[in-house]
Amino acid sequence: AGFNYNQSTLQASYLFFEVNIDGNLISEDDWVGAFNNNVCVGAQKWHISECGNGVCSITAMGFDGNYFTQGYLLAGQFPSFKIYDTSENTYYDAYPSENYTFSNLSFYMIDYLSTIETIPGCTDLDACNYNELANLDDGTCQYPEQNFDCNGDCLIEVDCEGTCGGSITVDECGICGGDGTAEGFDC
């Protein structure tokens, strides 16, 4: 697959419950590689039948001061990932559903790795902050108050006091909220 790297004394594991290309699970002949920029820092053939409970992980290597780990991950950096599809002889950029920075001896459990980039945001069309580019709802949707639109404009009738949906009316004397008399006199 061309994913060549050296072992390092600094390592972090990224476990993926699912790995897919355009929504289709990869085959057991395919590979997943971890990178720091263009430097391969880890790789794993995706033999899920040989992984624990059918879930594989990739170990990413960090820079430990040795010349053969130059360009490897430093604490706080995010690895990037690639999938090598053996049957198509094609490399794909892959995106984890959650991003975790490299930290020595860390073990991260991640829902999926996909060639479809995860863009978190509000995915509800009725929300004020709907994001048409988002493909993963992140729970940040914001909605207008009852009887209002997203601009704060009232959607129903406004009473004479300016209250949206209010029930105060103008009496026979033309007084908002009046009782039908003007200064003690009938109108």
# chains A, B, ... in the order shown; residues from 1 in each chain; ligands from 1
$ closest_atom_pairs --of "segment 25-143 of chain A" --to "segment 149-166 of chain A" --cutoff "9 Å" --atoms "only C-alpha atoms" --output "CSV"
residue,atom,partner,partner_atom,distance
A:Ala127,CA,A:Cys150,CA,8.1
A:Cys128,CA,A:Cys150,CA,5.4
A:Asn129,CA,A:Cys150,CA,8.7
A:Gln142,CA,A:Cys150,CA,9.0
A:Tyr143,CA,A:Cys150,CA,7.1
$ write_last_selection --atoms "N, CA, C and O atoms" --output "short mmCIF file (atom, residue, chain, number, x, y, z; two decimals), in the first residue's frame"
data_model
loop_
_atom_site.label_atom_id
_atom_site.label_comp_id
_atom_site.auth_asym_id
_atom_site.auth_seq_id
_atom_site.Cartn_x
_atom_site.Cartn_y
_atom_site.Cartn_z
N ALA A 127 -34.57 25.18 11.71
CA ALA A 127 -33.80 25.94 12.69
C ALA A 127 -33.28 27.24 12.09
O ALA A 127 -33.08 27.36 10.88
N CYS A 128 -33.06 28.21 12.95
CA CYS A 128 -32.55 29.52 12.50
C CYS A 128 -31.11 29.43 11.99
O CYS A 128 -30.72 30.21 11.14
N ASN A 129 -30.36 28.52 12.52
CA ASN A 129 -28.95 28.41 12.15
C ASN A 129 -28.67 27.15 11.33
O ASN A 129 -27.59 26.56 11.40
N GLN A 142 -30.75 26.24 16.77
CA GLN A 142 -31.42 27.30 17.52
C GLN A 142 -32.74 27.59 16.82
O GLN A 142 -32.80 27.69 15.60
N TYR A 143 -33.80 27.76 17.63
CA TYR A 143 -35.13 27.97 17.09
C TYR A 143 -35.70 29.29 17.60
O TYR A 143 -35.35 29.75 18.68
#
$ residues_around --residues "Asn89 of chain A" --least-positions-apart "3" --cutoff "12 Å" --atoms "only C-alpha atoms" --output "short mmCIF file (atom, residue, chain, number, x, y, z; two decimals) with N, CA and C atoms, in the first residue's frame"
data_model
loop_
_atom_site.label_atom_id
_atom_site.label_comp_id
_atom_site.auth_asym_id
_atom_site.auth_seq_id
_atom_site.Cartn_x
_atom_site.Cartn_y
_atom_site.Cartn_z
N ALA A 1 0.82 -1.20 0.00
CA ALA A 1 0.00 0.00 0.00
C ALA A 1 0.87 1.26 0.00
N GLY A 2 2.15 1.13 0.26
CA GLY A 2 3.01 2.30 0.25
C GLY A 2 2.95 3.10 1.54
N ASP A 29 -8.80 -6.39 2.39
CA ASP A 29 -7.54 -6.19 1.67
C ASP A 29 -7.11 -4.74 1.67
N ASP A 30 -7.98 -3.84 2.13
CA ASP A 30 -7.70 -2.41 2.12
C ASP A 30 -6.87 -2.00 3.33
N TRP A 31 -6.25 -0.85 3.22
CA TRP A 31 -5.36 -0.33 4.26
C TRP A 31 -5.85 1.03 4.74
N ILE A 83 -7.20 6.13 3.11
CA ILE A 83 -7.60 4.74 2.88
C ILE A 83 -7.02 4.33 1.53
N TYR A 84 -6.41 3.16 1.50
CA TYR A 84 -5.93 2.61 0.24
C TYR A 84 -6.88 1.48 -0.15
N ASP A 85 -7.59 1.66 -1.27
CA ASP A 85 -8.50 0.65 -1.81
C ASP A 85 -7.68 -0.24 -2.74
N THR A 86 -7.38 -1.45 -2.28
CA THR A 86 -6.52 -2.37 -3.02
C THR A 86 -7.12 -2.74 -4.37
N TYR A 92 -7.52 7.40 -0.93
CA TYR A 92 -8.57 8.38 -0.62
C TYR A 92 -8.23 9.12 0.67
#
$ select_by_dssp --residues "segment 8-174 of chain A" --states "helix (DSSP H, G or I)" --output "mmCIF file with N, CA and C atoms, in the first residue's frame"
data_model
loop_
_atom_site.group_PDB
_atom_site.id
_atom_site.type_symbol
_atom_site.label_atom_id
_atom_site.label_comp_id
_atom_site.auth_asym_id
_atom_site.auth_seq_id
_atom_site.Cartn_x
_atom_site.Cartn_y
_atom_site.Cartn_z
ATOM 1 N N ILE A 48 -10.655 -6.987 9.607
ATOM 2 C CA ILE A 48 -11.526 -6.914 10.789
ATOM 3 C C ILE A 48 -11.722 -8.273 11.446
ATOM 4 N N SER A 49 -11.573 -9.367 10.684
ATOM 5 C CA SER A 49 -11.718 -10.702 11.285
ATOM 6 C C SER A 49 -10.563 -11.011 12.233
ATOM 7 N N GLU A 50 -9.453 -10.286 12.094
ATOM 8 C CA GLU A 50 -8.289 -10.498 12.968
ATOM 9 C C GLU A 50 -8.181 -9.447 14.073
ATOM 10 N N GLY A 52 -9.782 -7.203 17.363
ATOM 11 C CA GLY A 52 -10.612 -7.489 18.530
ATOM 12 C C GLY A 52 -12.069 -7.159 18.291
ATOM 13 N N ASN A 53 -12.936 -8.144 18.385
ATOM 14 C CA ASN A 53 -14.382 -7.985 18.201
ATOM 15 C C ASN A 53 -14.737 -7.334 16.864
ATOM 16 N N GLY A 54 -13.911 -7.524 15.851
ATOM 17 C CA GLY A 54 -14.199 -6.990 14.533
ATOM 18 C C GLY A 54 -13.966 -5.498 14.392
ATOM 19 N N TYR A 67 16.232 10.472 14.690
ATOM 20 C CA TYR A 67 16.217 10.993 13.325
ATOM 21 C C TYR A 67 15.183 10.282 12.453
ATOM 22 N N PHE A 68 14.937 8.984 12.717
ATOM 23 C CA PHE A 68 14.002 8.235 11.868
ATOM 24 C C PHE A 68 12.533 8.498 12.218
ATOM 25 N N THR A 69 12.270 9.389 13.183
ATOM 26 C CA THR A 69 10.887 9.803 13.466
ATOM 27 C C THR A 69 10.698 11.300 13.190
#
$ atom_distance --atom1 "atom CA of Lys82 of chain A" --atom2 "atom CA of Thr118 of chain A"
14.5 Å
$ residues_around --residues "Asn6 of chain A" --least-positions-apart "3" --cutoff "12 Å" --atoms "only C-alpha atoms" --output "NGL selection string"
:A and (3 or 9-11 or 39-43 or 59-64 or 66-72)
$ residues_around --residues "Glu98 of chain A" --least-positions-apart "4" --cutoff "10 Å" --atoms "only C-alpha atoms" --output "VMD selection string"
chain A and resid 108 to 113 118 120
$ write_last_selection --atoms "N, CA, C and O atoms" --output "CSV table (one decimal), in the first residue's frame"
chain,number,residue,atom,x,y,z
A,108,TYR,N,-8.1,6.3,21.5
A,108,TYR,CA,-9.3,7.0,21.2
A,108,TYR,C,-10.3,6.1,20.4
A,108,TYR,O,-9.9,5.4,19.5
A,109,MET,N,-11.5,6.1,20.9
A,109,MET,CA,-12.6,5.3,20.2
A,109,MET,C,-13.4,6.2,19.3
A,109,MET,O,-13.9,7.2,19.9
A,110,ILE,N,-13.4,6.0,18.0
A,110,ILE,CA,-14.1,6.9,17.1
A,110,ILE,C,-15.1,6.1,16.3
A,110,ILE,O,-14.9,5.0,15.8
A,111,ASP,N,-16.3,6.7,16.1
A,111,ASP,CA,-17.4,6.0,15.5
A,111,ASP,C,-17.0,5.5,14.1
A,111,ASP,O,-17.2,4.4,13.7
A,112,TYR,N,-16.5,6.4,13.2
A,112,TYR,CA,-16.2,6.0,11.9
A,112,TYR,C,-15.1,6.9,11.2
A,112,TYR,O,-14.8,8.0,11.7
A,113,LEU,N,-14.5,6.3,10.2
A,113,LEU,CA,-13.6,7.0,9.3
A,113,LEU,C,-14.2,6.8,7.9
A,113,LEU,O,-14.5,5.7,7.5
A,118,THR,N,-16.8,14.8,7.4
A,118,THR,CA,-17.8,15.1,8.4
A,118,THR,C,-17.8,16.6,8.6
A,118,THR,O,-16.8,17.2,9.0
A,120,PRO,N,-19.8,19.1,11.0
A,120,PRO,CA,-20.8,19.2,12.0
A,120,PRO,C,-21.5,20.6,11.9
A,120,PRO,O,-21.0,21.6,11.4
$ select_by_dssp --residues "segment 90-141 of chain A" --states "strand (DSSP E or B)" --output "VMD selection string"
chain A and resid 90 to 96 107 to 114 120 to 122 130 136 to 137
$ write_last_selection --atoms "N, CA, C and O atoms" --output "PDB file, in the first residue's frame"
ATOM      1  N   THR A  90      -6.341   2.748  -5.447  1.00  0.00           N
ATOM      2  CA  THR A  90      -6.623   4.169  -5.279  1.00  0.00           C
ATOM      3  C   THR A  90      -6.494   4.570  -3.816  1.00  0.00           C
ATOM      4  O   THR A  90      -6.914   3.838  -2.920  1.00  0.00           O
ATOM      5  N   TYR A  91      -5.917   5.754  -3.598  1.00  0.00           N
ATOM      6  CA  TYR A  91      -5.809   6.330  -2.263  1.00  0.00           C
ATOM      7  C   TYR A  91      -6.907   7.385  -2.091  1.00  0.00           C
ATOM      8  O   TYR A  91      -7.155   8.173  -2.998  1.00  0.00           O
ATOM      9  N   TYR A  92      -7.524   7.403  -0.930  1.00  0.00           N
ATOM     10  CA  TYR A  92      -8.569   8.380  -0.621  1.00  0.00           C
ATOM     11  C   TYR A  92      -8.227   9.120   0.669  1.00  0.00           C
ATOM     12  O   TYR A  92      -7.765   8.490   1.633  1.00  0.00           O
ATOM     13  N   ASP A  93      -8.473  10.409   0.689  1.00  0.00           N
ATOM     14  CA  ASP A  93      -8.423  11.127   1.957  1.00  0.00           C
ATOM     15  C   ASP A  93      -9.612  10.653   2.774  1.00  0.00           C
ATOM     16  O   ASP A  93     -10.704  10.423   2.235  1.00  0.00           O
ATOM     17  N   ALA A  94      -9.412  10.477   4.076  1.00  0.00           N
ATOM     18  CA  ALA A  94     -10.482   9.983   4.939  1.00  0.00           C
ATOM     19  C   ALA A  94     -10.617  10.894   6.153  1.00  0.00           C
ATOM     20  O   ALA A  94      -9.637  11.478   6.620  1.00  0.00           O
ATOM     21  N   TYR A  95     -11.834  10.991   6.649  1.00  0.00           N
ATOM     22  CA  TYR A  95     -12.153  11.933   7.717  1.00  0.00           C
ATOM     23  C   TYR A  95     -12.781  11.197   8.897  1.00  0.00           C
ATOM     24  O   TYR A  95     -13.780  10.492   8.724  1.00  0.00           O
ATOM     25  N   PRO A  96     -12.216  11.373  10.085  1.00  0.00           N
ATOM     26  CA  PRO A  96     -12.811  10.726  11.263  1.00  0.00           C
ATOM     27  C   PRO A  96     -14.062  11.482  11.718  1.00  0.00           C
ATOM     28  O   PRO A  96     -14.174  12.687  11.519  1.00  0.00           O
ATOM     29  N   PHE A 107      -5.620   6.376  23.806  1.00  0.00           N
ATOM     30  CA  PHE A 107      -6.416   5.411  23.056  1.00  0.00           C
ATOM     31  C   PHE A 107      -7.767   6.060  22.794  1.00  0.00           C
ATOM     32  O   PHE A 107      -8.501   6.362  23.726  1.00  0.00           O
ATOM     33  N   TYR A 108      -8.066   6.311  21.521  1.00  0.00           N
ATOM     34  CA  TYR A 108      -9.288   7.021  21.157  1.00  0.00           C
ATOM     35  C   TYR A 108     -10.252   6.085  20.436  1.00  0.00           C
ATOM     36  O   TYR A 108      -9.857   5.396  19.492  1.00  0.00           O
ATOM     37  N   MET A 109     -11.515   6.068  20.865  1.00  0.00           N
ATOM     38  CA  MET A 109     -12.551   5.289  20.198  1.00  0.00           C
ATOM     39  C   MET A 109     -13.381   6.239  19.349  1.00  0.00           C
ATOM     40  O   MET A 109     -13.943   7.207  19.868  1.00  0.00           O
ATOM     41  N   ILE A 110     -13.434   5.972  18.042  1.00  0.00           N
ATOM     42  CA  ILE A 110     -14.057   6.881  17.080  1.00  0.00           C
ATOM     43  C   ILE A 110     -15.114   6.105  16.292  1.00  0.00           C
ATOM     44  O   ILE A 110     -14.858   4.986  15.834  1.00  0.00           O
ATOM     45  N   ASP A 111     -16.292   6.698  16.128  1.00  0.00           N
ATOM     46  CA  ASP A 111     -17.395   6.011  15.452  1.00  0.00           C
ATOM     47  C   ASP A 111     -17.022   5.534  14.060  1.00  0.00           C
ATOM     48  O   ASP A 111     -17.223   4.377  13.727  1.00  0.00           O
ATOM     49  N   TYR A 112     -16.501   6.434  13.230  1.00  0.00           N
ATOM     50  CA  TYR A 112     -16.184   6.004  11.870  1.00  0.00           C
ATOM     51  C   TYR A 112     -15.105   6.865  11.231  1.00  0.00           C
ATOM     52  O   TYR A 112     -14.820   7.968  11.662  1.00  0.00           O
ATOM     53  N   LEU A 113     -14.530   6.300  10.183  1.00  0.00           N
ATOM     54  CA  LEU A 113     -13.585   6.977   9.307  1.00  0.00           C
ATOM     55  C   LEU A 113     -14.175   6.837   7.918  1.00  0.00           C
ATOM     56  O   LEU A 113     -14.530   5.733   7.488  1.00  0.00           O
ATOM     57  N   SER A 114     -14.323   7.938   7.200  1.00  0.00           N
ATOM     58  CA  SER A 114     -15.021   7.908   5.916  1.00  0.00           C
ATOM     59  C   SER A 114     -14.364   8.844   4.911  1.00  0.00           C
ATOM     60  O   SER A 114     -13.751   9.840   5.283  1.00  0.00           O
ATOM     61  N   PRO A 120     -19.763  19.096  10.969  1.00  0.00           N
ATOM     62  CA  PRO A 120     -20.759  19.248  12.035  1.00  0.00           C
ATOM     63  C   PRO A 120     -21.500  20.578  11.915  1.00  0.00           C
ATOM     64  O   PRO A 120     -20.967  21.561  11.407  1.00  0.00           O
ATOM     65  N   GLY A 121     -22.729  20.575  12.376  1.00  0.00           N
ATOM     66  CA  GLY A 121     -23.543  21.789  12.375  1.00  0.00           C
ATOM     67  C   GLY A 121     -24.996  21.430  12.555  1.00  0.00           C
ATOM     68  O   GLY A 121     -25.350  20.279  12.781  1.00  0.00           O
ATOM     69  N   CYS A 122     -25.840  22.421  12.416  1.00  0.00           N
ATOM     70  CA  CYS A 122     -27.277  22.217  12.553  1.00  0.00           C
ATOM     71  C   CYS A 122     -27.831  21.712  11.222  1.00  0.00           C
ATOM     72  O   CYS A 122     -27.680  22.368  10.191  1.00  0.00           O
ATOM     73  N   TYR A 130     -29.647  26.723  10.509  1.00  0.00           N
ATOM     74  CA  TYR A 130     -29.467  25.575   9.627  1.00  0.00           C
ATOM     75  C   TYR A 130     -28.228  25.780   8.759  1.00  0.00           C
ATOM     76  O   TYR A 130     -28.003  26.851   8.208  1.00  0.00           O
ATOM     77  N   LEU A 136     -23.522  16.228   9.803  1.00  0.00           N
ATOM     78  CA  LEU A 136     -23.560  15.607  11.128  1.00  0.00           C
ATOM     79  C   LEU A 136     -24.147  16.625  12.100  1.00  0.00           C
ATOM     80  O   LEU A 136     -23.535  17.656  12.356  1.00  0.00           O
ATOM     81  N   ASP A 137     -25.352  16.343  12.602  1.00  0.00           N
ATOM     82  CA  ASP A 137     -25.983  17.282  13.530  1.00  0.00           C
ATOM     83  C   ASP A 137     -25.206  17.287  14.843  1.00  0.00           C
ATOM     84  O   ASP A 137     -24.975  16.238  15.445  1.00  0.00           O
TER      85      ASP A 137
END
$ atom_distance --atom1 "atom CA of Ser57 of chain A" --atom2 "atom CA of Gly23 of chain A"
18.8 Å
$ closest_residue --among "A:Gly139, A:Gly33, A:Leu133, A:Ile58" --to "Ser106 of chain A" --atoms "only C-alpha atoms"
A:Ile58
$ closest_residue --among "A:Ser8, A:Thr115, A:Gln44, A:Asn135" --to "Ile21 of chain A" --atoms "only C-alpha atoms"
A:Thr115
$ atom_distance --atom1 "atom CA of Phe35 of chain A" --atom2 "atom CA of Leu73 of chain A"
8.2 Å
$ decode --residues "segment 121-152 of chain A" --atoms "N, CA and C atoms" --output "PDB file, in the first residue's frame"
ATOM      1  N   GLY A 121     -22.729  20.575  12.376  1.00  0.00           N
ATOM      2  CA  GLY A 121     -23.543  21.789  12.375  1.00  0.00           C
ATOM      3  C   GLY A 121     -24.996  21.430  12.555  1.00  0.00           C
ATOM      4  N   CYS A 122     -25.840  22.421  12.416  1.00  0.00           N
ATOM      5  CA  CYS A 122     -27.277  22.217  12.553  1.00  0.00           C
ATOM      6  C   CYS A 122     -27.831  21.712  11.222  1.00  0.00           C
ATOM      7  N   THR A 123     -28.486  20.550  11.250  1.00  0.00           N
ATOM      8  CA  THR A 123     -29.014  19.952  10.019  1.00  0.00           C
ATOM      9  C   THR A 123     -30.539  20.039   9.912  1.00  0.00           C
ATOM     10  N   ASP A 124     -31.197  20.745  10.835  1.00  0.00           N
ATOM     11  CA  ASP A 124     -32.657  20.876  10.820  1.00  0.00           C
ATOM     12  C   ASP A 124     -33.056  22.093   9.989  1.00  0.00           C
ATOM     13  N   LEU A 125     -33.773  21.840   8.894  1.00  0.00           N
ATOM     14  CA  LEU A 125     -34.201  22.922   7.986  1.00  0.00           C
ATOM     15  C   LEU A 125     -35.024  23.994   8.691  1.00  0.00           C
ATOM     16  N   ASP A 126     -35.731  23.639   9.763  1.00  0.00           N
ATOM     17  CA  ASP A 126     -36.592  24.592  10.472  1.00  0.00           C
ATOM     18  C   ASP A 126     -35.836  25.455  11.482  1.00  0.00           C
ATOM     19  N   ALA A 127     -34.573  25.185  11.707  1.00  0.00           N
ATOM     20  CA  ALA A 127     -33.795  25.936  12.692  1.00  0.00           C
ATOM     21  C   ALA A 127     -33.276  27.241  12.092  1.00  0.00           C
ATOM     22  N   CYS A 128     -33.061  28.215  12.949  1.00  0.00           N
ATOM     23  CA  CYS A 128     -32.552  29.520  12.505  1.00  0.00           C
ATOM     24  C   CYS A 128     -31.114  29.433  11.993  1.00  0.00           C
ATOM     25  N   ASN A 129     -30.356  28.523  12.523  1.00  0.00           N
ATOM     26  CA  ASN A 129     -28.952  28.405  12.152  1.00  0.00           C
ATOM     27  C   ASN A 129     -28.675  27.145  11.329  1.00  0.00           C
ATOM     28  N   TYR A 130     -29.647  26.723  10.509  1.00  0.00           N
ATOM     29  CA  TYR A 130     -29.467  25.575   9.627  1.00  0.00           C
ATOM     30  C   TYR A 130     -28.228  25.780   8.759  1.00  0.00           C
ATOM     31  N   ASN A 131     -27.406  24.735   8.655  1.00  0.00           N
ATOM     32  CA  ASN A 131     -26.188  24.791   7.844  1.00  0.00           C
ATOM     33  C   ASN A 131     -26.337  23.777   6.714  1.00  0.00           C
ATOM     34  N   GLU A 132     -26.514  24.254   5.505  1.00  0.00           N
ATOM     35  CA  GLU A 132     -26.736  23.357   4.368  1.00  0.00           C
ATOM     36  C   GLU A 132     -25.523  22.485   4.065  1.00  0.00           C
ATOM     37  N   LEU A 133     -24.343  22.861   4.553  1.00  0.00           N
ATOM     38  CA  LEU A 133     -23.143  22.064   4.321  1.00  0.00           C
ATOM     39  C   LEU A 133     -22.957  20.967   5.367  1.00  0.00           C
ATOM     40  N   ALA A 134     -23.628  21.096   6.510  1.00  0.00           N
ATOM     41  CA  ALA A 134     -23.459  20.134   7.601  1.00  0.00           C
ATOM     42  C   ALA A 134     -24.059  18.780   7.230  1.00  0.00           C
ATOM     43  N   ASN A 135     -23.338  17.713   7.602  1.00  0.00           N
ATOM     44  CA  ASN A 135     -23.864  16.364   7.407  1.00  0.00           C
ATOM     45  C   ASN A 135     -23.842  15.557   8.706  1.00  0.00           C
ATOM     46  N   LEU A 136     -23.522  16.228   9.803  1.00  0.00           N
ATOM     47  CA  LEU A 136     -23.560  15.607  11.128  1.00  0.00           C
ATOM     48  C   LEU A 136     -24.147  16.625  12.100  1.00  0.00           C
ATOM     49  N   ASP A 137     -25.352  16.343  12.602  1.00  0.00           N
ATOM     50  CA  ASP A 137     -25.983  17.282  13.530  1.00  0.00           C
ATOM     51  C   ASP A 137     -25.206  17.287  14.843  1.00  0.00           C
ATOM     52  N   ASP A 138     -24.785  18.473  15.254  1.00  0.00           N
ATOM     53  CA  ASP A 138     -23.975  18.585  16.468  1.00  0.00           C
ATOM     54  C   ASP A 138     -24.759  19.115  17.663  1.00  0.00           C
ATOM     55  N   GLY A 139     -26.092  19.188  17.534  1.00  0.00           N
ATOM     56  CA  GLY A 139     -26.925  19.604  18.665  1.00  0.00           C
ATOM     57  C   GLY A 139     -26.945  21.095  18.917  1.00  0.00           C
ATOM     58  N   THR A 140     -26.506  21.907  17.961  1.00  0.00           N
ATOM     59  CA  THR A 140     -26.443  23.357  18.175  1.00  0.00           C
ATOM     60  C   THR A 140     -27.608  24.117  17.541  1.00  0.00           C
ATOM     61  N   CYS A 141     -28.617  23.406  17.043  1.00  0.00           N
ATOM     62  CA  CYS A 141     -29.739  24.082  16.376  1.00  0.00           C
ATOM     63  C   CYS A 141     -30.413  25.078  17.314  1.00  0.00           C
ATOM     64  N   GLN A 142     -30.746  26.236  16.768  1.00  0.00           N
ATOM     65  CA  GLN A 142     -31.425  27.297  17.523  1.00  0.00           C
ATOM     66  C   GLN A 142     -32.743  27.595  16.823  1.00  0.00           C
ATOM     67  N   TYR A 143     -33.795  27.761  17.629  1.00  0.00           N
ATOM     68  CA  TYR A 143     -35.134  27.966  17.092  1.00  0.00           C
ATOM     69  C   TYR A 143     -35.699  29.287  17.596  1.00  0.00           C
ATOM     70  N   PRO A 144     -36.611  29.894  16.810  1.00  0.00           N
ATOM     71  CA  PRO A 144     -37.207  31.157  17.258  1.00  0.00           C
ATOM     72  C   PRO A 144     -38.190  30.910  18.404  1.00  0.00           C
ATOM     73  N   GLU A 145     -38.472  31.986  19.149  1.00  0.00           N
ATOM     74  CA  GLU A 145     -39.488  31.900  20.188  1.00  0.00           C
ATOM     75  C   GLU A 145     -40.836  31.650  19.527  1.00  0.00           C
ATOM     76  N   GLN A 146     -41.754  31.097  20.293  1.00  0.00           N
ATOM     77  CA  GLN A 146     -43.088  30.816  19.761  1.00  0.00           C
ATOM     78  C   GLN A 146     -43.700  32.095  19.200  1.00  0.00           C
ATOM     79  N   ASN A 147     -44.315  31.994  18.035  1.00  0.00           N
ATOM     80  CA  ASN A 147     -44.991  33.085  17.319  1.00  0.00           C
ATOM     81  C   ASN A 147     -44.035  34.077  16.653  1.00  0.00           C
ATOM     82  N   PHE A 148     -42.738  33.802  16.630  1.00  0.00           N
ATOM     83  CA  PHE A 148     -41.756  34.689  16.014  1.00  0.00           C
ATOM     84  C   PHE A 148     -40.983  33.934  14.948  1.00  0.00           C
ATOM     85  N   ASP A 149     -40.442  34.677  13.964  1.00  0.00           N
ATOM     86  CA  ASP A 149     -39.545  34.060  13.003  1.00  0.00           C
ATOM     87  C   ASP A 149     -38.106  34.234  13.486  1.00  0.00           C
ATOM     88  N   CYS A 150     -37.153  33.764  12.705  1.00  0.00           N
ATOM     89  CA  CYS A 150     -35.749  33.814  13.112  1.00  0.00           C
ATOM     90  C   CYS A 150     -35.192  35.228  13.198  1.00  0.00           C
ATOM     91  N   ASN A 151     -35.865  36.200  12.576  1.00  0.00           N
ATOM     92  CA  ASN A 151     -35.433  37.596  12.653  1.00  0.00           C
ATOM     93  C   ASN A 151     -36.047  38.327  13.837  1.00  0.00           C
ATOM     94  N   GLY A 152     -36.885  37.619  14.613  1.00  0.00           N
ATOM     95  CA  GLY A 152     -37.544  38.242  15.764  1.00  0.00           C
ATOM     96  C   GLY A 152     -38.832  38.954  15.404  1.00  0.00           C
TER      97      GLY A 152
END
